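Quick look at run-v8.pdb (PDB, C-alpha atoms and all ligand atoms):
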```
MODEL        1
ATOM      1  CA  MET A   1      33.649  12.513  24.814
ATOM      2  CA  SER A   2      30.010  13.554  24.966
ATOM      3  CA  LYS A   3      27.647  12.241  22.347
ATOM      4  CA  PRO A   4      26.108  14.532  19.694
ATOM      5  CA  LYS A   5      22.834  15.998  20.840
ATOM      6  CA  VAL A   6      19.786  15.447  18.630
ATOM      7  CA  ALA A   7      16.304  16.978  18.833
ATOM      8  CA  LEU A   8      13.210  15.826  16.974
ATOM      9  CA  TYR A   9      10.059  17.881  16.583
ATOM     10  CA  TRP A  10       6.812  17.781  14.622
ATOM     11  CA  CYS A  11       4.670  20.615  13.359
ATOM     12  CA  ALA A  12       1.616  20.215  11.043
ATOM     13  CA  SER A  13       2.166  16.552  10.417
ATOM     14  CA  CYS A  14       0.246  13.290  10.168
ATOM     15  CA  GLY A  15       2.655  11.369  12.391
ATOM     16  CA  GLY A  16       3.967   9.324   9.458
ATOM     17  CA  CYS A  17       7.380  10.951   9.709
ATOM     18  CA  GLU A  18       7.622   9.961  13.353
ATOM     19  CA  GLU A  19       6.656   6.443  12.298
ATOM     20  CA  ALA A  20       9.435   6.552   9.728
ATOM     21  CA  THR A  21      11.932   7.225  12.517
ATOM     22  CA  VAL A  22      10.615   4.227  14.423
ATOM     23  CA  ASP A  23      10.854   2.216  11.177
ATOM     24  CA  LEU A  24      14.626   2.406  11.576
ATOM     25  CA  THR A  25      13.857  -0.711  13.674
ATOM     26  CA  GLU A  26      17.044  -2.178  15.152
ATOM     27  CA  ARG A  27      19.085   0.741  13.767
ATOM     28  CA  LEU A  28      17.172   2.908  16.214
ATOM     29  CA  PHE A  29      19.189   1.223  18.977
ATOM     30  CA  ASP A  30      22.414   2.164  17.179
ATOM     31  CA  LEU A  31      21.139   5.716  16.909
ATOM     32  CA  ILE A  32      20.214   5.889  20.572
ATOM     33  CA  GLU A  33      23.668   4.494  21.361
ATOM     34  CA  ALA A  34      25.389   7.090  19.164
ATOM     35  CA  VAL A  35      23.480  10.234  20.185
ATOM     36  CA  ASP A  36      21.761  11.892  23.102
ATOM     37  CA  ILE A  37      18.142  12.622  22.257
ATOM     38  CA  VAL A  38      17.617  15.846  24.154
ATOM     39  CA  PHE A  39      14.155  16.774  22.873
ATOM     40  CA  TRP A  40      11.460  14.573  21.276
ATOM     41  CA  PRO A  41       8.098  15.552  22.762
ATOM     42  CA  ILE A  42       6.059  12.957  20.865
ATOM     43  CA  ALA A  43       8.070  10.101  22.341
ATOM     44  CA  MET A  44       9.229  11.408  25.710
ATOM     45  CA  ASP A  45       7.958  13.913  28.218
ATOM     46  CA  PHE A  46       9.870  17.006  27.131
ATOM     47  CA  LYS A  47       8.395  20.427  27.637
ATOM     48  CA  ARG A  48       9.044  23.712  25.894
ATOM     49  CA  GLU A  49      10.779  25.012  29.039
ATOM     50  CA  ASP A  50      13.321  22.178  28.708
ATOM     51  CA  LEU A  51      14.264  23.492  25.289
ATOM     52  CA  GLU A  52      14.256  27.107  26.430
ATOM     53  CA  LYS A  53      16.746  26.256  29.179
ATOM     54  CA  MET A  54      19.287  24.762  26.754
ATOM     55  CA  GLU A  55      22.161  26.935  25.626
ATOM     56  CA  ASP A  56      21.938  28.463  22.158
ATOM     57  CA  GLY A  57      23.734  26.229  19.633
ATOM     58  CA  SER A  58      23.974  23.354  22.106
ATOM     59  CA  ILE A  59      21.937  20.881  19.989
ATOM     60  CA  ASP A  60      23.973  19.346  17.159
ATOM     61  CA  ILE A  61      21.115  18.304  14.876
ATOM     62  CA  ALA A  62      17.415  19.238  14.975
ATOM     63  CA  ILE A  63      15.191  17.070  12.778
ATOM     64  CA  ILE A  64      11.890  18.823  12.130
ATOM     65  CA  ASN A  65       8.934  17.362  10.258
ATOM     66  CA  GLY A  66       5.568  18.860   9.312
ATOM     67  CA  GLY A  67       4.624  22.211   7.820
ATOM     68  CA  ILE A  68       4.160  25.472   9.691
ATOM     69  CA  ARG A  69       0.464  26.181  10.225
ATOM     70  CA  LEU A  70       0.130  27.282  13.845
ATOM     71  CA  GLU A  71       1.658  30.180  15.728
ATOM     72  CA  GLU A  72       3.096  27.528  18.066
ATOM     73  CA  HIS A  73       4.941  25.859  15.168
ATOM     74  CA  GLU A  74       6.547  29.176  14.245
ATOM     75  CA  GLU A  75       7.659  29.819  17.811
ATOM     76  CA  MET A  76       8.996  26.290  18.335
ATOM     77  CA  VAL A  77      10.996  26.102  15.113
ATOM     78  CA  LYS A  78      12.511  29.530  15.740
ATOM     79  CA  LEU A  79      13.507  28.327  19.194
ATOM     80  CA  LEU A  80      14.927  25.091  17.773
ATOM     81  CA  ARG A  81      16.860  27.057  15.156
ATOM     82  CA  ARG A  82      18.452  29.155  17.872
ATOM     83  CA  LYS A  83      19.395  26.109  19.915
ATOM     84  CA  SER A  84      20.745  23.994  17.019
ATOM     85  CA  LYS A  85      23.844  23.898  14.859
ATOM     86  CA  ILE A  86      22.177  21.939  12.035
ATOM     87  CA  VAL A  87      18.486  21.963  11.142
ATOM     88  CA  ILE A  88      17.046  19.274   8.867
ATOM     89  CA  ALA A  89      13.653  19.606   7.184
ATOM     90  CA  TYR A  90      12.437  16.021   7.380
ATOM     91  CA  GLY A  91       9.696  14.769   5.052
ATOM     92  CA  SER A  92       7.626  16.406   2.328
ATOM     93  CA  CYS A  93       5.639  18.638   4.686
ATOM     94  CA  ALA A  94       8.703  20.351   6.138
ATOM     95  CA  HIS A  95      10.466  20.297   2.749
ATOM     96  CA  LEU A  96       7.685  21.527   0.450
ATOM     97  CA  GLY A  97       4.511  21.928   2.507
ATOM     98  CA  GLY A  98       3.342  18.401   1.699
ATOM     99  CA  ILE A  99      -0.210  17.148   2.129
ATOM    100  CA  PRO A 100      -1.293  19.752   4.742
ATOM    101  CA  GLY A 101      -0.037  22.370   2.263
ATOM    102  CA  LEU A 102      -2.952  21.387  -0.015
ATOM    103  CA  ALA A 103      -5.170  23.345   2.379
ATOM    104  CA  ASN A 104      -3.552  26.463   0.883
ATOM    105  CA  ALA A 105      -5.988  25.962  -2.007
ATOM    106  CA  TYR A 106      -8.625  27.376   0.365
ATOM    107  CA  PRO A 107      -8.604  30.644   2.316
ATOM    108  CA  ARG A 108      -8.313  30.280   6.091
ATOM    109  CA  GLU A 109     -11.904  31.425   6.694
ATOM    110  CA  GLU A 110     -13.286  28.752   4.339
ATOM    111  CA  ILE A 111     -11.328  26.039   6.162
ATOM    112  CA  LEU A 112     -12.582  27.141   9.591
ATOM    113  CA  LYS A 113     -16.162  27.521   8.366
ATOM    114  CA  PHE A 114     -16.152  24.033   6.924
ATOM    115  CA  ALA A 115     -14.407  22.407   9.879
ATOM    116  CA  TYR A 116     -16.544  24.029  12.595
ATOM    117  CA  GLU A 117     -19.867  24.663  10.867
ATOM    118  CA  GLU A 118     -20.453  22.790   7.640
ATOM    119  CA  ALA A 119     -18.733  19.409   7.795
ATOM    120  CA  PRO A 120     -21.376  16.628   7.739
ATOM    121  CA  THR A 121     -20.281  15.288  11.132
ATOM    122  CA  VAL A 122     -20.365  18.668  12.900
ATOM    123  CA  ILE A 123     -23.253  19.761  15.167
ATOM    124  CA  ASN A 124     -22.492  23.324  16.216
ATOM    125  CA  PRO A 125     -25.667  25.469  16.139
ATOM    126  CA  ASP A 126     -23.931  28.353  17.963
ATOM    127  CA  LYS A 127     -21.121  28.314  15.398
ATOM    128  CA  VAL A 128     -18.513  28.229  18.133
ATOM    129  CA  ARG A 129     -14.968  28.517  16.894
ATOM    130  CA  PRO A 130     -11.729  27.924  18.795
ATOM    131  CA  MET A 131     -10.725  31.174  20.488
ATOM    132  CA  LYS A 132      -7.207  32.328  21.029
ATOM    133  CA  LYS A 133      -7.911  33.218  24.642
ATOM    134  CA  VAL A 134     -10.662  31.965  26.914
ATOM    135  CA  THR A 135     -11.258  32.291  30.658
ATOM    136  CA  ILE A 136     -12.964  29.437  32.482
ATOM    137  CA  ASP A 137     -13.502  29.601  36.261
ATOM    138  CA  GLY A 138     -11.046  32.464  36.478
ATOM    139  CA  MET A 139      -8.336  30.533  34.657
ATOM    140  CA  GLU A 140      -7.050  31.833  31.368
ATOM    141  CA  PHE A 141      -6.382  29.374  28.557
ATOM    142  CA  GLU A 142      -4.627  30.178  25.328
ATOM    143  CA  LEU A 143      -4.660  28.387  21.995
ATOM    144  CA  PRO A 144      -2.105  28.988  19.259
ATOM    145  CA  GLU A 145      -3.389  30.967  16.274
ATOM    146  CA  PHE A 146      -4.250  29.060  13.086
ATOM    147  CA  LEU A 147      -2.132  30.994  10.583
ATOM    148  CA  GLU A 148      -3.352  32.365   7.249
ATOM    149  CA  TYR A 149      -1.679  29.585   5.289
ATOM    150  CA  LEU A 150       0.828  26.766   5.624
ATOM    151  CA  LYS A 151       4.515  27.400   5.013
ATOM    152  CA  PRO A 152       7.347  24.941   4.413
ATOM    153  CA  LEU A 153      10.015  25.074   7.110
ATOM    154  CA  ASP A 154      12.544  27.136   5.144
ATOM    155  CA  GLU A 155      10.040  29.962   4.741
ATOM    156  CA  VAL A 156      10.189  30.458   8.492
ATOM    157  CA  ILE A 157      13.749  29.540   9.525
ATOM    158  CA  ASP A 158      17.064  28.861   7.872
ATOM    159  CA  VAL A 159      17.297  25.149   6.949
ATOM    160  CA  ASP A 160      20.596  23.339   6.424
ATOM    161  CA  TYR A 161      19.499  20.058   4.834
ATOM    162  CA  TYR A 162      16.427  18.300   3.527
ATOM    163  CA  ILE A 163      15.433  14.640   3.787
ATOM    164  CA  PRO A 164      12.553  14.304   1.320
ATOM    165  CA  GLY A 165       9.684  11.840   1.135
ATOM    166  CA  CYS A 166       6.225  11.195   2.483
ATOM    167  CA  PRO A 167       7.584   9.807   4.642
ATOM    168  CA  PRO A 168      11.339   9.488   4.016
ATOM    169  CA  THR A 169      12.449   5.868   3.775
ATOM    170  CA  PRO A 170      14.314   4.341   6.734
ATOM    171  CA  ASP A 171      17.389   3.728   4.551
ATOM    172  CA  LEU A 172      17.565   7.340   3.415
ATOM    173  CA  THR A 173      17.000   8.561   6.972
ATOM    174  CA  TRP A 174      19.800   6.335   8.219
ATOM    175  CA  GLU A 175      22.151   7.336   5.409
ATOM    176  CA  ALA A 176      21.588  11.044   6.039
ATOM    177  CA  ILE A 177      21.956  10.854   9.817
ATOM    178  CA  SER A 178      25.013   8.585   9.634
ATOM    179  CA  LYS A 179      26.697  10.935   7.166
ATOM    180  CA  LEU A 180      26.098  13.988   9.312
ATOM    181  CA  LEU A 181      27.210  12.216  12.479
ATOM    182  CA  SER A 182      30.387  10.967  10.820
ATOM    183  CA  GLY A 183      31.277  14.511   9.821
ATOM    184  CA  GLU A 184      30.606  13.908   6.122
ATOM    185  CA  ILE A 185      28.894  17.260   5.769
ATOM    186  CA  PRO A 186      27.320  18.025   2.387
ATOM    187  CA  PRO A 187      27.008  21.590   1.128
ATOM    188  CA  LYS A 188      24.318  23.649   2.800
ATOM    189  CA  GLY A 189      20.909  23.233   1.171
ATOM    190  CA  HIS A 190      21.650  19.658   0.097
ATOM    191  CA  VAL A 191      18.593  17.470  -0.463
ATOM    192  CA  PHE A 192      19.385  13.860   0.432
ATOM    193  CA  GLY A 193      18.322  11.238  -2.088
ATOM    194  CA  SER A 194      19.404  10.881  -5.675
ATOM    195  CA  ASP A 195      20.286  13.767  -7.976
ATOM    196  CA  LYS A 196      18.573  11.886 -10.805
ATOM    197  CA  SER A 197      14.890  11.320 -11.459
ATOM    198  CA  LEU A 198      13.095   8.283 -10.071
ATOM    199  CA  CYS A 199      12.989   6.702 -13.559
ATOM    200  CA  HIS A 200      16.748   6.062 -13.244
ATOM    201  CA  GLU A 201      16.279   3.663 -10.330
ATOM    202  CA  CYS A 202      12.841   2.348 -11.333
ATOM    203  CA  PRO A 203      12.801  -1.413 -12.002
ATOM    204  CA  LEU A 204      10.439  -0.723 -14.950
ATOM    205  CA  ASN A 205      12.792   1.740 -16.608
ATOM    206  CA  GLU A 206      13.949  -0.790 -19.200
ATOM    207  CA  THR A 207      10.394  -1.004 -20.489
ATOM    208  CA  LYS A 208       9.977   2.765 -20.755
ATOM    209  CA  PRO A 209       9.967   3.754 -24.424
ATOM    210  CA  ASP A 210      12.369   6.522 -25.509
ATOM    211  CA  GLU A 211       9.410   8.502 -26.690
ATOM    212  CA  ILE A 212       6.034   8.265 -24.995
ATOM    213  CA  ARG A 213       2.931   9.432 -26.876
ATOM    214  CA  LEU A 214      -0.382   9.029 -25.047
ATOM    215  CA  GLU A 215      -3.848   9.307 -26.540
ATOM    216  CA  GLU A 216      -5.519   8.739 -23.222
ATOM    217  CA  LEU A 217      -4.688   9.185 -19.560
ATOM    218  CA  LYS A 218      -6.025   6.905 -16.866
ATOM    219  CA  ARG A 219      -6.044   6.847 -13.094
ATOM    220  CA  PRO A 220      -4.705   3.764 -11.339
ATOM    221  CA  HIS A 221      -8.176   2.549 -10.335
ATOM    222  CA  GLN A 222      -9.435   2.774 -13.937
ATOM    223  CA  VAL A 223      -7.033   0.176 -15.261
ATOM    224  CA  ILE A 224      -5.486  -3.150 -14.281
ATOM    225  CA  LEU A 225      -1.834  -2.229 -14.400
ATOM    226  CA  ASP A 226       0.687  -4.582 -15.917
ATOM    227  CA  ARG A 227       3.292  -4.468 -13.143
ATOM    228  CA  SER A 228       6.072  -5.491 -15.504
ATOM    229  CA  LYS A 229       5.764  -2.429 -17.787
ATOM    230  CA  CYS A 230       6.377   1.281 -17.275
ATOM    231  CA  TYR A 231       3.141   2.677 -15.835
ATOM    232  CA  LEU A 232       3.391   5.923 -17.742
ATOM    233  CA  ALA A 233       3.695   4.034 -21.019
ATOM    234  CA  GLN A 234       0.430   2.318 -20.025
ATOM    235  CA  GLY A 235      -1.231   5.731 -19.884
ATOM    236  CA  VAL A 236      -1.265   6.159 -16.111
ATOM    237  CA  LEU A 237       0.225   9.378 -14.804
ATOM    238  CA  CYS A 238       3.501   8.611 -13.071
ATOM    239  CA  MET A 239       5.474  11.521 -11.615
ATOM    240  CA  GLY A 240       8.725   9.526 -11.812
ATOM    241  CA  PRO A 241      10.256  11.545 -14.661
ATOM    242  CA  VAL A 242       9.962  14.835 -12.715
ATOM    243  CA  THR A 243      10.634  13.534  -9.205
ATOM    244  CA  ARG A 244      13.889  13.107  -7.314
ATOM    245  CA  GLY A 245      14.895   9.469  -6.897
ATOM    246  CA  GLY A 246      16.263   7.907  -3.734
ATOM    247  CA  CYS A 247      13.104   6.228  -2.437
ATOM    248  CA  GLU A 248      14.012   2.771  -3.808
ATOM    249  CA  ALA A 249      10.905   3.059  -6.031
ATOM    250  CA  LEU A 250       8.795   1.629  -3.228
ATOM    251  CA  CYS A 251       5.440   2.723  -4.668
ATOM    252  CA  ILE A 252       6.318   1.378  -8.120
ATOM    253  CA  LYS A 253       7.310  -1.963  -6.599
ATOM    254  CA  GLY A 254       4.018  -1.920  -4.698
ATOM    255  CA  GLY A 255       2.034  -1.526  -7.941
ATOM    256  CA  MET A 256       1.334   2.208  -7.795
ATOM    257  CA  PRO A 257       2.715   5.034  -9.926
ATOM    258  CA  CYS A 258       4.916   7.677  -8.331
ATOM    259  CA  THR A 259       2.981  10.608  -6.855
ATOM    260  CA  GLY A 260       6.041  12.826  -6.493
ATOM    261  CA  CYS A 261       6.758  12.944  -2.741
ATOM    262  CA  PHE A 262      10.545  13.284  -3.111
ATOM    263  CA  GLY A 263       9.971  16.640  -4.752
ATOM    264  CA  PRO A 264      11.658  18.274  -7.713
ATOM    265  CA  LEU A 265      15.170  17.696  -8.959
ATOM    266  CA  ASP A 266      17.945  20.195  -8.241
ATOM    267  CA  GLY A 267      17.448  23.378 -10.203
ATOM    268  CA  VAL A 268      13.666  22.947 -10.531
ATOM    269  CA  TYR A 269      11.775  25.384  -8.340
ATOM    270  CA  ASN A 270       8.248  24.358  -9.162
ATOM    271  CA  GLN A 271       7.619  20.622  -9.358
ATOM    272  CA  GLY A 272       3.961  20.994 -10.363
ATOM    273  CA  ALA A 273       4.703  23.331 -13.267
ATOM    274  CA  LYS A 274       7.456  20.984 -14.430
ATOM    275  CA  ALA A 275       5.053  18.023 -14.286
ATOM    276  CA  LEU A 276       2.375  19.899 -16.221
ATOM    277  CA  SER A 277       4.839  20.834 -18.914
ATOM    278  CA  PHE A 278       6.102  17.244 -19.054
ATOM    279  CA  LEU A 279       2.599  15.857 -19.375
ATOM    280  CA  ALA A 280       1.744  18.326 -22.121
ATOM    281  CA  SER A 281       4.752  17.020 -24.058
ATOM    282  CA  VAL A 282       3.600  13.375 -23.997
ATOM    283  CA  ILE A 283      -0.120  13.821 -24.714
ATOM    284  CA  ASP A 284      -0.817  13.128 -28.358
ATOM    285  CA  ILE A 285      -4.246  14.689 -28.855
ATOM    286  CA  GLU A 286      -4.559  17.507 -31.370
ATOM    287  CA  ASP A 287      -8.276  18.162 -31.089
ATOM    288  CA  GLU A 288      -9.155  20.477 -28.179
ATOM    289  CA  GLU A 289     -12.623  19.000 -27.753
ATOM    290  CA  LYS A 290     -11.202  15.472 -27.459
ATOM    291  CA  TYR A 291      -8.696  16.793 -24.945
ATOM    292  CA  ARG A 292     -11.471  18.209 -22.798
ATOM    293  CA  GLU A 293     -13.450  14.971 -23.019
ATOM    294  CA  MET A 294     -10.438  12.973 -21.901
ATOM    295  CA  LEU A 295      -9.827  15.294 -18.931
ATOM    296  CA  GLU A 296     -13.467  15.136 -17.933
ATOM    297  CA  LYS A 297     -13.516  11.339 -18.023
ATOM    298  CA  LEU A 298     -10.409  11.376 -15.953
ATOM    299  CA  GLY A 299     -11.773  13.674 -13.238
ATOM    300  CA  PHE A 300      -8.758  15.896 -13.804
ATOM    301  CA  ASP A 301      -7.386  17.336 -10.576
ATOM    302  CA  PRO A 302      -4.251  19.335 -11.419
ATOM    303  CA  ILE A 303      -3.559  20.425  -7.838
ATOM    304  CA  GLY A 304      -3.905  16.898  -6.452
ATOM    305  CA  TRP A 305      -1.851  15.375  -9.241
ATOM    306  CA  PHE A 306       0.948  17.800  -9.851
ATOM    307  CA  PHE A 307       1.141  19.865  -6.673
ATOM    308  CA  ARG A 308       0.231  17.155  -4.178
ATOM    309  CA  TYR A 309       3.322  17.722  -2.069
ATOM    310  CA  SER A 310       4.568  21.075  -3.290
ATOM    311  CA  LEU A 311       1.620  23.468  -3.497
ATOM    312  CA  ALA A 312       2.861  25.510  -0.535
ATOM    313  CA  LYS A 313       6.281  25.883  -2.154
ATOM    314  CA  GLY A 314       5.200  26.961  -5.618
ATOM    315  CA  MET A 315       5.024  30.419  -7.096
ATOM    316  CA  ILE A 316       1.253  30.379  -6.596
ATOM    317  CA  TYR A 317       1.355  28.993  -3.089
ATOM    318  CA  ARG A 318      -2.084  29.815  -1.737
ATOM    319  CA  LYS A 319      -5.567  31.127  -2.467
ATOM    320  CA  LYS A 320      -6.371  34.388  -0.736
ATOM    321  CA  GLY A 321      -9.746  35.081   0.859
ATOM    322  CA  ASP A 322     -11.975  38.113   0.276
ATOM    323  CA  GLY A 323     -10.387  41.294   1.535
ATOM    324  CA  GLU A 324      -6.968  39.750   2.125
TER     325      GLU A 324
HETATM  326  S1  LIG B 401       5.711  14.058   4.959
HETATM  327 FE1  LIG B 401       4.002  12.593   4.733
HETATM  328  S2  LIG B 401       4.364  11.111   6.359
HETATM  329 FE2  LIG B 401       5.558  12.953   6.908
HETATM  330  S3  LIG B 401       4.170  14.195   8.175
HETATM  331 FE3  LIG B 401       3.920  14.888   6.077
HETATM  332  S4  LIG B 401       2.124  13.724   5.308
HETATM  333 FE4  LIG B 401       2.903  12.651   7.145
HETATM  334  S1  LIG B 402       7.611   6.727 -15.657
HETATM  335 FE1  LIG B 402       7.218   5.755 -13.686
HETATM  336  S2  LIG B 402       6.952   3.584 -14.123
HETATM  337 FE2  LIG B 402       7.924   4.507 -15.909
HETATM  338  S3  LIG B 402      10.120   4.236 -15.579
HETATM  339 FE3  LIG B 402       9.590   6.245 -14.747
HETATM  340  S4  LIG B 402       9.172   5.867 -12.592
HETATM  341 FE4  LIG B 402       9.116   3.877 -13.617
ENDMDL
END
```

Exercise: express the given structure as structure tokens:
Amino acid sequence: MSKPKVALYWCASCGGCEEATVDLTERLFDLIEAVDIVFWPIAMDFKREDLEKMEDGSIDIAIINGGIRLEEHEEMVKLLRRKSKIVIAYGSCAHLGGIPGLANAYPREEILKFAYEEAPTVINPDKVRPMKKVTIDGMEFELPEFLEYLKPLDEVIDVDYYIPGCPPTPDLTWEAISKLLSGEIPPKGHVFGSDKSLCHECPLNETKPDEIRLEELKRPHQVILDRSKCYLAQGVLCMGPVTRGGCEALCIKGGMPCTGCFGPLDGVYNQGAKALSFLASVIDIEDEEKYREMLEKLGFDPIGWFFRYSLAKGMIYRKKGDGE
């Protein structure tokens, strides 16, 4: 019997999700034994034509990480969708837009202007920008278009399952792939991980008071955290209460509060809005002026705090430029 065929692809990504696959360590050998990897351009010399030549629906599982920011990403994921029975959005960027989705807080023109003209390390007196088409010595070269804004994978193609995290943990990756390969197919749209918030699996949960009332908020570098007590109860913003569990609380165990990379729980569309509403319910400051002072001291960054991984997926998913 032939082995299931698996494809892996990256779009706008930092490479961490590819690292996470390699972090399967010796289980990677089991995976390679169990499946045929038919497309994985970052690791092996596959070309687009190789994918184009495959029959539609001939790939069993396509695992795609990264957000969609280039014309090329759109074309490749549409092609992968056509060729694959199951498509998995792997990692926060494919799931919710992730870190590259934060660029949606700026219009496309502002990003290009900064990157090619204004950044302190750039010397570009002629203000040259990448061009879609250029001819050099009679040869025509083409670059993919930088799209108006970044989209999570399911805004471009139909996605069957999601493996969340920035990056997903090796255990969760292994659990999800093993389940799918063994035929234990969850309902379409399933997000692997826990269906409870991170607090439920957090080793500090026992120290979390039933009711938290905070008169001050601090950032992790402004305080020496007691690693044996709930970080939120110590006044440091922890996204654990509004974030899907399933990550083994790795950041918490490493001495850092949760930043929310596993995304919202089932039934919550907008993780950032949920986090803002949660925070408002635990802050115990009546006086507006004091509130402002506290936020100023904090260097309050609502997008970076609450929408760090999910800006591109929210209701307000991007800032438009003039004339758009
Ligand atoms: S989810 Fe995180 S680790 Fe994966 S590509 Fe995006 S930024 Fe990198
Ligand atoms: S708020 Fe954070 S530190 Fe406290 S129990 Fe939840 S996940 Fe753990």

If we count all atoms listed in the file and set the cut-off at 10 Å, which residues sit around region 143-150 of chain A, ignoring sequence neighbours fewer than 6 positions away in its own chain? Please answer as a PyMOL selection string.
chain A and resi 12+66-75+93+97-98+100-109+112+130-134+311-313+317-321+324

Protein and nucleic residues near ligand LIG 401 (chain B), 10 Å, all atoms listed in the file, as a ChimeraX atom specification
/A:10-20,64-67,89-101,163-169,261-262,309

What lies within 12 Å of Arg48 (chain A) using all atoms listed in the file, ignoring chain neighbours under 3 positions off, as an mmCIF file with C-alpha atoms, in the frame of the given file?
```cif
data_model
loop_
_atom_site.group_PDB
_atom_site.id
_atom_site.type_symbol
_atom_site.label_atom_id
_atom_site.label_comp_id
_atom_site.auth_asym_id
_atom_site.auth_seq_id
_atom_site.Cartn_x
_atom_site.Cartn_y
_atom_site.Cartn_z
ATOM 1 C CA TYR A 9 10.059 17.881 16.583
ATOM 2 C CA VAL A 38 17.617 15.846 24.154
ATOM 3 C CA PHE A 39 14.155 16.774 22.873
ATOM 4 C CA TRP A 40 11.460 14.573 21.276
ATOM 5 C CA PRO A 41 8.098 15.552 22.762
ATOM 6 C CA ASP A 45 7.958 13.913 28.218
ATOM 7 C CA LEU A 51 14.264 23.492 25.289
ATOM 8 C CA GLU A 52 14.256 27.107 26.430
ATOM 9 C CA LYS A 53 16.746 26.256 29.179
ATOM 10 C CA MET A 54 19.287 24.762 26.754
ATOM 11 C CA GLU A 72 3.096 27.528 18.066
ATOM 12 C CA HIS A 73 4.941 25.859 15.168
ATOM 13 C CA GLU A 75 7.659 29.819 17.811
ATOM 14 C CA MET A 76 8.996 26.290 18.335
ATOM 15 C CA VAL A 77 10.996 26.102 15.113
ATOM 16 C CA LEU A 79 13.507 28.327 19.194
ATOM 17 C CA LEU A 80 14.927 25.091 17.773
#
```

So which one's closest to ligand LIG 402 (chain B), A:Arg244, A:Lys127, A:Lys208, A:Lys188? Using all atoms listed in the file, please.
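Closest candidate: A:Lys208.
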
Which residues are close to Ser182 (chain A), i.e. within 12 Å by all atoms listed in the file, leaving aside same-chain residues fewer than 5 positions away? Reply as a list of chain:residue names.
A:Lys3, A:Pro4, A:Ala34, A:Val35, A:Trp174, A:Glu175, A:Ala176, A:Ile177

May I ask which of the residues A:Leu279, A:Val223, A:Leu250, A:Cys202 is the closest one to ligand LIG 402 (chain B), counting all atoms listed in the file?
A:Cys202

Repair of region 120-132 of chain A at the level of N, CA and C atoms, as a CSV table (one decimal), in the coordinates of the input:
```
chain,number,residue,atom,x,y,z
A,120,PRO,N,-20.2,17.4,7.5
A,120,PRO,CA,-21.4,16.6,7.7
A,120,PRO,C,-21.4,16.1,9.1
A,121,THR,N,-20.3,15.9,9.8
A,121,THR,CA,-20.3,15.3,11.1
A,121,THR,C,-20.3,16.3,12.3
A,122,VAL,N,-20.4,17.6,11.9
A,122,VAL,CA,-20.4,18.7,12.9
A,122,VAL,C,-21.8,19.1,13.3
A,123,ILE,N,-22.0,19.2,14.6
A,123,ILE,CA,-23.3,19.8,15.2
A,123,ILE,C,-22.8,20.9,16.0
A,124,ASN,N,-23.0,22.1,15.5
A,124,ASN,CA,-22.5,23.3,16.2
A,124,ASN,C,-23.4,24.5,15.9
A,125,PRO,N,-24.7,24.4,16.5
A,125,PRO,CA,-25.7,25.5,16.1
A,125,PRO,C,-25.2,26.9,16.5
A,126,ASP,N,-24.4,27.0,17.6
A,126,ASP,CA,-23.9,28.4,18.0
A,126,ASP,C,-22.7,28.8,17.2
A,127,LYS,N,-22.3,28.0,16.2
A,127,LYS,CA,-21.1,28.3,15.4
A,127,LYS,C,-19.9,28.7,16.2
A,128,VAL,N,-19.7,27.9,17.3
A,128,VAL,CA,-18.5,28.2,18.1
A,128,VAL,C,-17.2,27.9,17.4
A,129,ARG,N,-16.3,28.8,17.5
A,129,ARG,CA,-15.0,28.5,16.9
A,129,ARG,C,-13.9,28.5,18.0
A,130,PRO,N,-12.8,27.8,17.8
A,130,PRO,CA,-11.7,27.9,18.8
A,130,PRO,C,-11.3,29.4,19.0
A,131,MET,N,-11.1,29.8,20.2
A,131,MET,CA,-10.7,31.2,20.5
A,131,MET,C,-9.3,31.2,21.0
A,132,LYS,N,-8.6,32.3,20.6
A,132,LYS,CA,-7.2,32.3,21.0
A,132,LYS,C,-7.1,32.4,22.6
```
